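Student: Okay, so here is query.cif, and as you'll see once you scroll down, it has mmCIF, C-alpha atoms.
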```
data_structure
#
loop_
_atom_site.group_PDB
_atom_site.id
_atom_site.type_symbol
_atom_site.label_atom_id
_atom_site.label_comp_id
_atom_site.auth_asym_id
_atom_site.auth_seq_id
_atom_site.Cartn_x
_atom_site.Cartn_y
_atom_site.Cartn_z
ATOM 1 C CA MET A 1 0.000 0.000 0.000
ATOM 2 C CA LYS A 2 1.566 3.261 -1.169
ATOM 3 C CA ASP A 3 1.007 6.439 0.789
ATOM 4 C CA ILE A 4 0.112 9.530 -1.244
ATOM 5 C CA THR A 5 3.435 11.116 -0.206
ATOM 6 C CA ASP A 6 5.240 8.183 -1.880
ATOM 7 C CA ILE A 7 3.147 8.614 -5.036
ATOM 8 C CA LEU A 8 3.903 12.353 -5.073
ATOM 9 C CA LYS A 9 7.560 11.600 -4.295
ATOM 10 C CA THR A 10 7.724 14.191 -1.564
ATOM 11 C CA THR A 11 9.529 14.147 1.745
ATOM 12 C CA THR A 12 7.846 17.348 2.889
ATOM 13 C CA GLU A 13 5.155 16.952 5.525
ATOM 14 C CA ILE A 14 1.705 17.535 3.999
ATOM 15 C CA ALA A 15 -1.030 18.962 6.199
ATOM 16 C CA LEU A 16 -3.733 16.347 6.806
ATOM 17 C CA PRO A 17 -6.577 18.257 5.063
ATOM 18 C CA LYS A 18 -4.389 18.749 1.959
ATOM 19 C CA LYS A 19 -3.224 15.132 2.099
ATOM 20 C CA THR A 20 -6.853 13.991 2.250
ATOM 21 C CA VAL A 21 -7.897 16.105 -0.734
ATOM 22 C CA LEU A 22 -4.878 14.952 -2.754
ATOM 23 C CA ASN A 23 -5.554 11.323 -1.837
ATOM 24 C CA ILE A 24 -9.227 11.501 -2.843
ATOM 25 C CA SER A 25 -8.371 13.346 -6.071
ATOM 26 C CA TYR A 26 -5.665 10.850 -7.017
ATOM 27 C CA THR A 27 -7.919 7.879 -6.223
ATOM 28 C CA SER A 28 -10.739 9.425 -8.258
ATOM 29 C CA ILE A 29 -8.433 9.731 -11.262
ATOM 30 C CA CYS A 30 -7.298 6.106 -10.856
ATOM 31 C CA PHE A 31 -10.933 4.931 -10.727
ATOM 32 C CA LYS A 32 -11.921 7.076 -13.718
ATOM 33 C CA ASP A 33 -8.960 5.761 -15.741
ATOM 34 C CA GLY A 34 -9.950 2.181 -14.883
ATOM 35 C CA ILE A 35 -13.534 2.696 -16.089
ATOM 36 C CA MET A 36 -12.368 4.586 -19.203
ATOM 37 C CA CYS A 37 -10.204 1.597 -20.181
ATOM 38 C CA ILE A 38 -13.357 -0.544 -20.303
ATOM 39 C CA LEU A 39 -15.347 2.022 -22.323
ATOM 40 C CA LYS A 40 -12.614 3.094 -24.783
ATOM 41 C CA PRO A 41 -12.960 0.085 -27.137
ATOM 42 C CA TYR A 42 -16.686 0.884 -27.383
ATOM 43 C CA ASP A 43 -15.956 4.516 -28.319
ATOM 44 C CA ILE A 44 -18.050 6.031 -25.535
ATOM 45 C CA SER A 45 -17.071 8.305 -22.675
ATOM 46 C CA ILE A 46 -17.954 7.890 -19.018
ATOM 47 C CA GLU A 47 -20.459 10.739 -19.380
ATOM 48 C CA GLN A 48 -22.106 9.085 -22.416
ATOM 49 C CA PHE A 49 -22.262 5.812 -20.474
ATOM 50 C CA ASN A 50 -23.918 7.675 -17.610
ATOM 51 C CA VAL A 51 -26.553 9.140 -20.000
ATOM 52 C CA LEU A 52 -27.314 5.654 -21.335
ATOM 53 C CA ARG A 53 -27.781 4.291 -17.806
ATOM 54 C CA ILE A 54 -30.062 7.203 -16.909
ATOM 55 C CA LEU A 55 -32.195 6.548 -20.004
ATOM 56 C CA ARG A 56 -32.332 2.813 -19.303
ATOM 57 C CA GLY A 57 -33.552 3.648 -15.812
ATOM 58 C CA LYS A 58 -36.540 5.461 -17.347
ATOM 59 C CA LYS A 59 -37.804 2.002 -18.466
ATOM 60 C CA GLY A 60 -39.158 3.142 -21.832
ATOM 61 C CA THR A 61 -40.585 6.469 -20.713
ATOM 62 C CA ALA A 62 -39.310 9.697 -22.216
ATOM 63 C CA ALA A 63 -36.608 11.790 -20.611
ATOM 64 C CA ASN A 64 -35.816 15.394 -21.388
ATOM 65 C CA LEU A 65 -32.470 17.181 -21.224
ATOM 66 C CA LYS A 66 -33.214 18.630 -17.776
ATOM 67 C CA ASP A 67 -34.062 15.155 -16.367
ATOM 68 C CA ILE A 68 -30.771 13.823 -17.670
ATOM 69 C CA GLN A 69 -28.736 16.839 -16.503
ATOM 70 C CA ASP A 70 -30.223 16.614 -12.989
ATOM 71 C CA ARG A 71 -29.119 12.978 -12.684
ATOM 72 C CA MET A 72 -25.627 13.377 -14.161
ATOM 73 C CA ILE A 73 -22.741 12.727 -11.786
ATOM 74 C CA SER A 74 -20.727 15.510 -13.411
ATOM 75 C CA LYS A 75 -22.931 18.595 -13.415
ATOM 76 C CA MET A 76 -20.495 20.281 -15.817
ATOM 77 C CA SER A 77 -21.400 17.896 -18.648
ATOM 78 C CA ASN A 78 -22.895 19.369 -21.803
ATOM 79 C CA THR A 79 -25.940 17.120 -21.944
ATOM 80 C CA THR A 80 -27.074 18.322 -25.379
ATOM 81 C CA ARG A 81 -23.694 17.457 -26.893
ATOM 82 C CA LEU A 82 -23.627 14.066 -25.143
ATOM 83 C CA VAL A 83 -27.107 13.181 -26.431
ATOM 84 C CA ASP A 84 -26.189 14.370 -29.960
ATOM 85 C CA LYS A 85 -23.147 12.064 -29.992
ATOM 86 C CA LEU A 86 -25.213 9.121 -28.733
ATOM 87 C CA ILE A 87 -27.814 9.783 -31.460
ATOM 88 C CA LEU A 88 -25.074 9.665 -34.114
ATOM 89 C CA LYS A 89 -23.938 6.310 -32.698
ATOM 90 C CA GLY A 90 -27.507 4.954 -32.794
ATOM 91 C CA TYR A 91 -27.806 4.492 -29.023
ATOM 92 C CA VAL A 92 -30.376 7.242 -28.409
ATOM 93 C CA GLU A 93 -33.373 8.752 -30.230
ATOM 94 C CA ARG A 94 -34.802 12.235 -29.858
ATOM 95 C CA PHE A 95 -38.339 13.263 -30.782
ATOM 96 C CA ILE A 96 -39.854 16.730 -30.800
ATOM 97 C CA CYS A 97 -43.255 16.766 -29.119
ATOM 98 C CA GLU A 98 -46.098 17.501 -31.559
ATOM 99 C CA LYS A 99 -48.110 19.527 -29.028
ATOM 100 C CA ASN A 100 -45.206 21.536 -27.627
ATOM 101 C CA ARG A 101 -42.381 22.110 -30.132
ATOM 102 C CA ARG A 102 -40.031 23.171 -27.322
ATOM 103 C CA LYS A 103 -40.394 19.805 -25.586
ATOM 104 C CA VAL A 104 -37.931 17.114 -26.650
ATOM 105 C CA ASP A 105 -38.385 13.462 -25.674
ATOM 106 C CA ILE A 106 -35.247 11.328 -25.456
ATOM 107 C CA PHE A 107 -35.232 7.507 -25.455
ATOM 108 C CA ILE A 108 -32.569 4.809 -25.392
ATOM 109 C CA THR A 109 -32.620 2.547 -28.476
ATOM 110 C CA SER A 110 -32.388 -1.228 -28.554
ATOM 111 C CA ALA A 111 -28.753 -0.799 -29.676
ATOM 112 C CA GLY A 112 -28.129 1.339 -26.577
ATOM 113 C CA LEU A 113 -29.713 -1.309 -24.362
ATOM 114 C CA GLU A 114 -27.600 -4.031 -26.000
ATOM 115 C CA LEU A 115 -24.446 -2.002 -25.449
ATOM 116 C CA LEU A 116 -25.276 -1.620 -21.752
ATOM 117 C CA LYS A 117 -26.033 -5.337 -21.509
ATOM 118 C CA GLU A 118 -22.527 -6.029 -22.815
ATOM 119 C CA LEU A 119 -20.849 -3.364 -20.676
ATOM 120 C CA ASP A 120 -22.611 -4.056 -17.368
ATOM 121 C CA PRO A 121 -20.600 -7.179 -16.392
ATOM 122 C CA LEU A 122 -17.334 -5.576 -17.558
ATOM 123 C CA ILE A 123 -17.954 -2.452 -15.473
ATOM 124 C CA GLU A 124 -19.085 -4.514 -12.489
ATOM 125 C CA ASN A 125 -15.887 -6.581 -12.655
ATOM 126 C CA LYS A 126 -13.793 -3.407 -12.857
ATOM 127 C CA GLU A 127 -15.623 -1.931 -9.837
ATOM 128 C CA GLN A 128 -14.919 -5.150 -7.904
ATOM 129 C CA GLU A 129 -11.259 -4.968 -8.922
ATOM 130 C CA LEU A 130 -10.950 -1.288 -7.947
ATOM 131 C CA THR A 131 -12.393 -1.919 -4.478
ATOM 132 C CA LYS A 132 -10.927 -5.365 -3.799
ATOM 133 C CA ASN A 133 -8.585 -4.137 -1.042
ATOM 134 C CA LEU A 134 -11.517 -3.174 1.180
ATOM 135 C CA ASN A 135 -13.986 -5.530 2.819
ATOM 136 C CA GLU A 136 -17.736 -4.842 2.879
ATOM 137 C CA LYS A 137 -17.661 -3.042 6.238
ATOM 138 C CA GLU A 138 -14.747 -0.842 5.119
ATOM 139 C CA LEU A 139 -16.624 0.019 1.911
ATOM 140 C CA GLU A 140 -19.696 1.003 3.945
ATOM 141 C CA ILE A 141 -17.552 3.207 6.206
ATOM 142 C CA LEU A 142 -15.777 4.766 3.228
ATOM 143 C CA ASN A 143 -19.115 5.582 1.575
ATOM 144 C CA LEU A 144 -20.373 7.119 4.797
ATOM 145 C CA LEU A 145 -17.237 9.231 5.178
ATOM 146 C CA LEU A 146 -17.310 10.398 1.545
ATOM 147 C CA SER A 147 -20.969 11.394 1.917
ATOM 148 C CA LYS A 148 -20.090 13.233 5.116
ATOM 149 C CA LEU A 149 -17.325 15.173 3.297
ATOM 150 C CA ARG A 150 -19.837 16.388 0.682
ATOM 151 C CA ASP A 151 -22.280 17.774 3.280
#
```
Since I need it in another form, could you write the structure as structure tokens?
Tutor:
Amino acid sequence: MKDITDILKTTTEIALPKKTVLNISYTSICFKDGIMCILKPYDISIEQFNVLRILRGKKGTAANLKDIQDRMISKMSNTTRLVDKLILKGYVERFICEKNRRKVDIFITSAGLELLKELDPLIENKEQELTKNLNEKELEILNLLLSKLRD
């Protein structure tokens, strides 16, 4: 187990709050890189994957851009651009409402559902691998502490 000071190759004492932020940031990047390695061969980003999972969760009912944006993990994502890219790949469809031209309904396609069906076990395995050094109780505590940090 490498300490963050070893990873940063520093001998200078780092204040505990800074060390904590650096450690969480570094770990987040490691996790993101691990997930991106799974998605890269499928030519989709983590954010696009997130949109597909949100749409699958709608179970065939329409979503709009605001619904998707509200559920995105990264609030800085350009949801319109993400949906446009998924439409070009055939994973998502967008329909303009007949009664209200400003309303846009967004659905996942069967190709999008098939992609998720293929990716789900790969992502689940990667999540298991990324958290394998912690037991179930430690994972529960870590989740509690991370939630507490965000409050």
Student: Interatomic distance between atom CA of Tyr91 of chain A and atom CA of Glu114 of chain A?
Tutor: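 Computing the Euclidean distance for atom CA of Tyr91 of chain A and atom CA of Glu114 of chain A yields 9.0 Å.
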Student: Determine the residue membership of the PyMOL selection byres ((chain A and resi 63) around 10) for the file above and supply it as a list of chain:residue names.
Tutor: A:Ile54, A:Leu55, A:Gly57, A:Lys58, A:Gly60, A:Thr61, A:Ala62, A:Asn64, A:Leu65, A:Lys66, A:Asp67, A:Ile68, A:Arg94, A:Val104, A:Asp105, A:Ile106, A:Phe107, A:Ile108
Student: Compare A:Arg101, A:Ser110, A:Leu134, A:Leu86 by their minimum atom-to-atom distance to Lys59 of chain A, counting all atoms listed in the file, and give me the closest one.
Tutor: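 Of A:Arg101, A:Ser110, A:Leu134, A:Leu86, the one nearest Lys59 of chain A, counting all atoms listed in the file, is A:Ser110.
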Student: Excluding same-chain residues fewer than 2 positions from segment 72-77 of chain A, what lies within 9 Å of it counting only C-alpha atoms, as number ranges by chain?
Tutor: A: 47, 50-51, 54, 67-70, 79-82
Student: Rounded to one decimal in Å, what is the spacing between atom CA of Leu16 of chain A and atom CA of Leu130 of chain A?
Tutor: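 Calculated distance between atom CA of Leu16 of chain A and atom CA of Leu130 of chain A is 24.1 Å.
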Student: Could you please determine the separation between atom CA of Asp120 of chain A and atom CA of Tyr26 of chain A in Å, to one decimal place?
Tutor: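 Straight-line distance from atom CA of Asp120 of chain A to atom CA of Tyr26 of chain A works out to 24.8 Å.
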